[in-house]
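Novice: Below you'll find the structure I mean.
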Amino acid sequence: MNRRRLLTTSAYSVAAAALPLSHVQDIAARTEAAHTGYTVGMAEVAAVRDMIHAFSEMDERHGGQHGRSALVTYLRDDVAPLCRTRFRTEEVRQQMLSAASRGIHLLGWKSYDAGQQGLAQRYYLQSYALAAESGLRGHDGFVMRTMAMQGLRLHRPEYCLGLAETGLDRAKGRVDAQTEALFRVVHAHTLAKSGKGRAALAEAEHARTLLTDGPGDEVPFWALAWGPPAASVYSRTAKVHETLGDHRAAAEQYALAVTARPADTYARIIALDLVAGAEMHLKRGSIEQACATWHRALDHMGGVRSVRTHKAVSGMRSDLARFRARGLRCVADLDERGRDLLANP
């Protein structure tokens with residue numbers, strides 16, 4: 001991170017707006033204490049988690065291009081010194097390294113959202129190294145899960161199944177049921193991409209069963225990268241069905257994912273799930289339902305700076321091109337909204 005051009009510390013105001021001023025001042029005081037040799041405890045870990053959570057919420061509301069330099073600066077100037085200081089217990093050391101890994105994982109996600117896939121991969125590798133060093137059960141596997149997801153998105157499935165399987169092996173039986181479901185549903189997607197449809201559906205069903213039948217244990221901080229686990233399971237299950245050509249089932253799962261997330265926090269990912277659902281309706285020949293779903297997606301895109309949402313709108317307009325000549329009012333209205341959004345991101 002030191003080799004990257006960074007904003008000054010005044011950029012911290014972006015993150016500070018999401019937290020009470022007194023809490024931000026407390027975080028700063030604890031970080032300064034660490035610089036001067038203070039022994040770090042769980043209060044400092046909680047402070048770092050709170051700030052990373054604030055950056056994560058800002059990312060979901062406004063897109064990966066918003067606040068990225070501020071996050072780099074915070075991790076470099078505040079979190080890195082905390083990782084090098086003295087800790088009261090071994091558990092505190094583990095939790096601090098895990099929190100740092102979660103912050104760098106978010107940087108990877110921001111780079112992914114900005115279309116910088118090589119940079120995202122490098123951040124994920126650094127996140128993995130910190131997660132492995134922390135020794136917390138399952139965290140290193142979770143980063144492997146993310147790298148498998150990136151490979152699937154980039155249509156490079158060569159190593160995705162191995163990443164997903166290894167990540168799952170490091171987690172199953174060692175994490176709570178909801179977190180295990182996150183691992184299993186990505187494994188299901190890699191199975192589907194590998195042509196193992198029956199195994200993929202069985203694994204996706206296993207993930208959904210874990211959501212409903214598993215004990216209500218607390219989900220670890222690092223596993224909440226994309227919000228409620230149920231929403232992530234539904235969205236990834238939709239991709240399993242989409243890969244296998246079952247567009248009706250995929251649309252149903254995308255709709256469940258949308259309703260499982262708080263709309264005021266997860267604007268970008270809700271918009272993208274709605275776009276994916278609209279595409280499933282279109283593939284089933286339901287242009288009116290597709291347009292209605294796309295309209296809902298656009299409702300969530302205002303103020304979001306994201307390469308992925310921009311591409312989604314461009315793709316929508318391309319998909320609608322063959323319908324414009326039919327004079328459908330819903331198509332004309334939707335195309336106009338899309339054109340305006342692209343002209344005024």
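Residue names in the structure tokens use chain letters A, B, ... in the order shown, residue numbers from 1 in each chain, and ligand numbers from 1 in the order shown.
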For the contact check between range 43-156 of chain A and range 239-248 of chain A, emit one row per residue of range 43-156 of chain A within 12 Å, containing the shortest atom pair and the distance in Å rounded to one decimal, counting only C-alpha atoms, chain then rising number order, as a tab-separated table.
Specialist:
residue	atom	partner	partner_atom	distance
A:Met149	CA	A:Lys239	CA	11.0
A:Leu152	CA	A:Lys239	CA	10.4
A:Arg153	CA	A:Lys239	CA	10.6
A:His155	CA	A:Thr243	CA	11.9
Novice: Per residue of range 62-153 of chain A within 10 Å of range 263-279 of chain A, record the nearest atom pair and its distance in Å to one decimal, counting only C-alpha atoms, with rows in chain order and ascending residue number, as a Markdown table.
Specialist:
| residue | atom | partner | partner_atom | distance |
| --- | --- | --- | --- | --- |
| A:His62 | CA | A:Arg268 | CA | 7.2 |
| A:Gly63 | CA | A:Arg268 | CA | 6.5 |
| A:Gly64 | CA | A:Arg268 | CA | 9.4 |
Novice: Just the number, please: distance in Å from CA of Gly67 in chain A to CA of Val307 in chain A, one decimal.
Specialist: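 Here the two named atoms are 14.7 Å from each other.
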Novice: Considering only C-alpha atoms, can you say which of A:Ala204, A:Leu320, A:Met51, A:Ala120 comes closest to Ala332 in chain A?
Specialist: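 Of A:Ala204, A:Leu320, A:Met51, A:Ala120, the one nearest Ala332 in chain A, counting only C-alpha atoms, is A:Leu320.
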Novice: Using only C-alpha atoms, which residues sit within 12 Å of Gly173 in chain A once same-chain residues fewer than 3 positions away are excluded, as a PyMOL selection string?
Specialist: chain A and resi 137-138+168-170+176-181+183+210+214
Novice: Would you save the residues of that selection, restricted to C-alpha atoms, as an mmCIF file, in the first residue's frame?
Specialist:
data_model
loop_
_atom_site.group_PDB
_atom_site.id
_atom_site.type_symbol
_atom_site.label_atom_id
_atom_site.label_comp_id
_atom_site.auth_asym_id
_atom_site.auth_seq_id
_atom_site.Cartn_x
_atom_site.Cartn_y
_atom_site.Cartn_z
ATOM 1 C CA ARG A 137 -10.841 -21.196 12.081
ATOM 2 C CA GLY A 138 -12.312 -20.766 8.636
ATOM 3 C CA LEU A 168 -14.908 -25.584 2.555
ATOM 4 C CA ASP A 169 -12.620 -28.255 4.016
ATOM 5 C CA ARG A 170 -11.026 -25.630 6.259
ATOM 6 C CA ASP A 176 -21.432 -21.921 12.632
ATOM 7 C CA ALA A 177 -24.133 -23.244 10.312
ATOM 8 C CA GLN A 178 -24.826 -19.938 8.505
ATOM 9 C CA THR A 179 -21.149 -19.435 7.738
ATOM 10 C CA GLU A 180 -20.784 -23.000 6.500
ATOM 11 C CA ALA A 181 -23.734 -22.354 4.200
ATOM 12 C CA PHE A 183 -18.929 -21.939 1.795
ATOM 13 C CA LEU A 210 -28.047 -25.105 7.062
ATOM 14 C CA GLY A 214 -28.619 -24.980 11.917
#
Novice: Would you kindly return, as a list in words, each protein, DNA or RNA residue with an atom no farther than 12 Å from any atom of Thr89 in chain A, considering only C-alpha atoms and excluding same-chain residues fewer than 6 positions away?
Specialist: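 The residues satisfying every condition are Thr39, Val40, Gly41, Met42, Gln95 and Met96 of chain A.
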Novice: Out of range 135-208 of chain A, which residues get alpha helix (DSSP H) from DSSP, as a PyMOL selection string?
Specialist: chain A and resi 139-153+160-171+177-193+197-208
Novice: I'd like the neighbourhood of Leu201 in chain A as a VMD selection string, where a residue qualifies if any of its atoms comes within 12 Å (using only C-alpha atoms), though same-chain residues fewer than 2 positions away should be ignored.
Specialist: chain A and resid 184 to 193 195 to 199 203 to 208 236 to 244 246 249
Novice: Point out the residue among A:Ala230, A:Ala292, A:Leu107, A:Cys160 with the least atom-to-atom distance to Thr209 in chain A, counting only C-alpha atoms.
Specialist: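 Closest to Thr209 in chain A of all the choices is A:Ala230.
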Novice: What is the CA of Leu97 in chain A-CA of Leu211 in chain A distance in Å, reported with one decimal?
Specialist: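 Straight-line distance from CA of Leu97 in chain A to CA of Leu211 in chain A works out to 28.0 Å.
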Novice: Nearest to Ala250 in chain A among A:Gly315, A:Gly118, A:Ala225, A:Arg284, with distances taken over only C-alpha atoms: which residue is it?
Specialist: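 Looking only at the distances to Ala250 in chain A, the closest residue turns out to be A:Arg284.
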Novice: Applying 9 Å and only C-alpha atoms, which residues near Ile52 in chain A remain after dropping the ones on its own chain fewer than 2 positions away? List them as a PyMOL selection string.
Specialist: chain A and resi 15+47-50+54-57+71+99-100+102-103+106
Novice: With N, CA and C atoms retained, could you export that selection as a compact mmCIF listing (two decimals), in the first residue's frame?
Specialist:
# COMPACT_ATOMS: atom_id res chain seq x y z
N ALA A 15 -15.25 8.46 6.07
CA ALA A 15 -15.63 7.38 6.98
C ALA A 15 -16.21 7.93 8.27
N ALA A 47 -12.78 -1.26 17.90
CA ALA A 47 -12.72 0.02 17.21
C ALA A 47 -12.38 -0.16 15.73
N VAL A 48 -11.43 -1.03 15.44
CA VAL A 48 -11.06 -1.29 14.04
C VAL A 48 -12.24 -1.92 13.31
N ARG A 49 -12.90 -2.87 13.94
CA ARG A 49 -14.06 -3.50 13.30
C ARG A 49 -15.13 -2.47 12.98
N ASP A 50 -15.37 -1.55 13.93
CA ASP A 50 -16.40 -0.53 13.70
C ASP A 50 -16.06 0.34 12.50
N ALA A 54 -17.98 0.60 8.92
CA ALA A 54 -18.45 1.86 8.34
C ALA A 54 -18.03 1.97 6.87
N PHE A 55 -16.78 1.63 6.58
CA PHE A 55 -16.32 1.64 5.20
C PHE A 55 -17.12 0.65 4.35
N SER A 56 -17.45 -0.50 4.91
CA SER A 56 -18.18 -1.52 4.18
C SER A 56 -19.59 -1.04 3.85
N GLU A 57 -20.25 -0.41 4.81
CA GLU A 57 -21.59 0.12 4.56
C GLU A 57 -21.55 1.21 3.49
N LEU A 71 -9.77 4.34 2.72
CA LEU A 71 -9.60 3.04 3.36
C LEU A 71 -8.14 2.61 3.31
N ALA A 99 -9.21 -8.82 11.76
CA ALA A 99 -9.86 -7.56 11.39
C ALA A 99 -9.10 -6.87 10.26
N ALA A 100 -7.77 -6.90 10.34
CA ALA A 100 -6.96 -6.31 9.28
C ALA A 100 -7.18 -7.04 7.96
N ARG A 102 -9.87 -8.55 7.08
CA ARG A 102 -11.19 -8.15 6.60
C ARG A 102 -11.13 -6.79 5.90
N GLY A 103 -10.31 -5.86 6.43
CA GLY A 103 -10.17 -4.56 5.80
C GLY A 103 -9.53 -4.66 4.42
N LEU A 106 -11.87 -6.04 1.92
CA LEU A 106 -12.76 -5.00 1.41
C LEU A 106 -12.08 -4.18 0.32
Novice: For each of A:Ile104, A:Gln116, A:Thr212, A:Val143, take the minimum atom-to-atom distance to Arg76 in chain A, counting only C-alpha atoms, then give the residue where this is smallest.
Specialist: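 Result for the nearest residue to Arg76 in chain A: A:Ile104.
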Novice: Between CA of Leu75 in chain A and CA of Tyr128 in chain A, what is the distance in Å, rounded to a tenth?
Specialist: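 Interatomic distance, CA of Leu75 in chain A to CA of Tyr128 in chain A: 15.6 Å.
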Novice: Leaving out range 131-134 of chain A and any residue of its chain fewer than 2 positions from it, which residues lie within 6 Å of it when counting only C-alpha atoms, given as a VMD selection string?
Specialist: chain A and resid 94 97 to 98 101 128 to 129 136 139 to 140
Novice: Keeping only C-alpha atoms, take the residues you just selected and write them out as a PDB file, in the first residue's frame.
Specialist:
ATOM      1  CA  GLN A  94      -5.706 -13.276  16.378  1.00  0.00           C
ATOM      2  CA  LEU A  97      -4.992  -9.748  12.396  1.00  0.00           C
ATOM      3  CA  SER A  98      -8.383 -11.077  11.339  1.00  0.00           C
ATOM      4  CA  SER A 101      -7.543  -9.157   6.835  1.00  0.00           C
ATOM      5  CA  TYR A 128      -5.428 -14.521   2.847  1.00  0.00           C
ATOM      6  CA  ALA A 129      -1.935 -14.224   4.343  1.00  0.00           C
ATOM      7  CA  LEU A 136      -8.920 -18.166  13.283  1.00  0.00           C
ATOM      8  CA  HIS A 139     -11.149 -17.223   7.891  1.00  0.00           C
ATOM      9  CA  ASP A 140      -8.399 -18.239   5.463  1.00  0.00           C
TER      10      ASP A 140
END
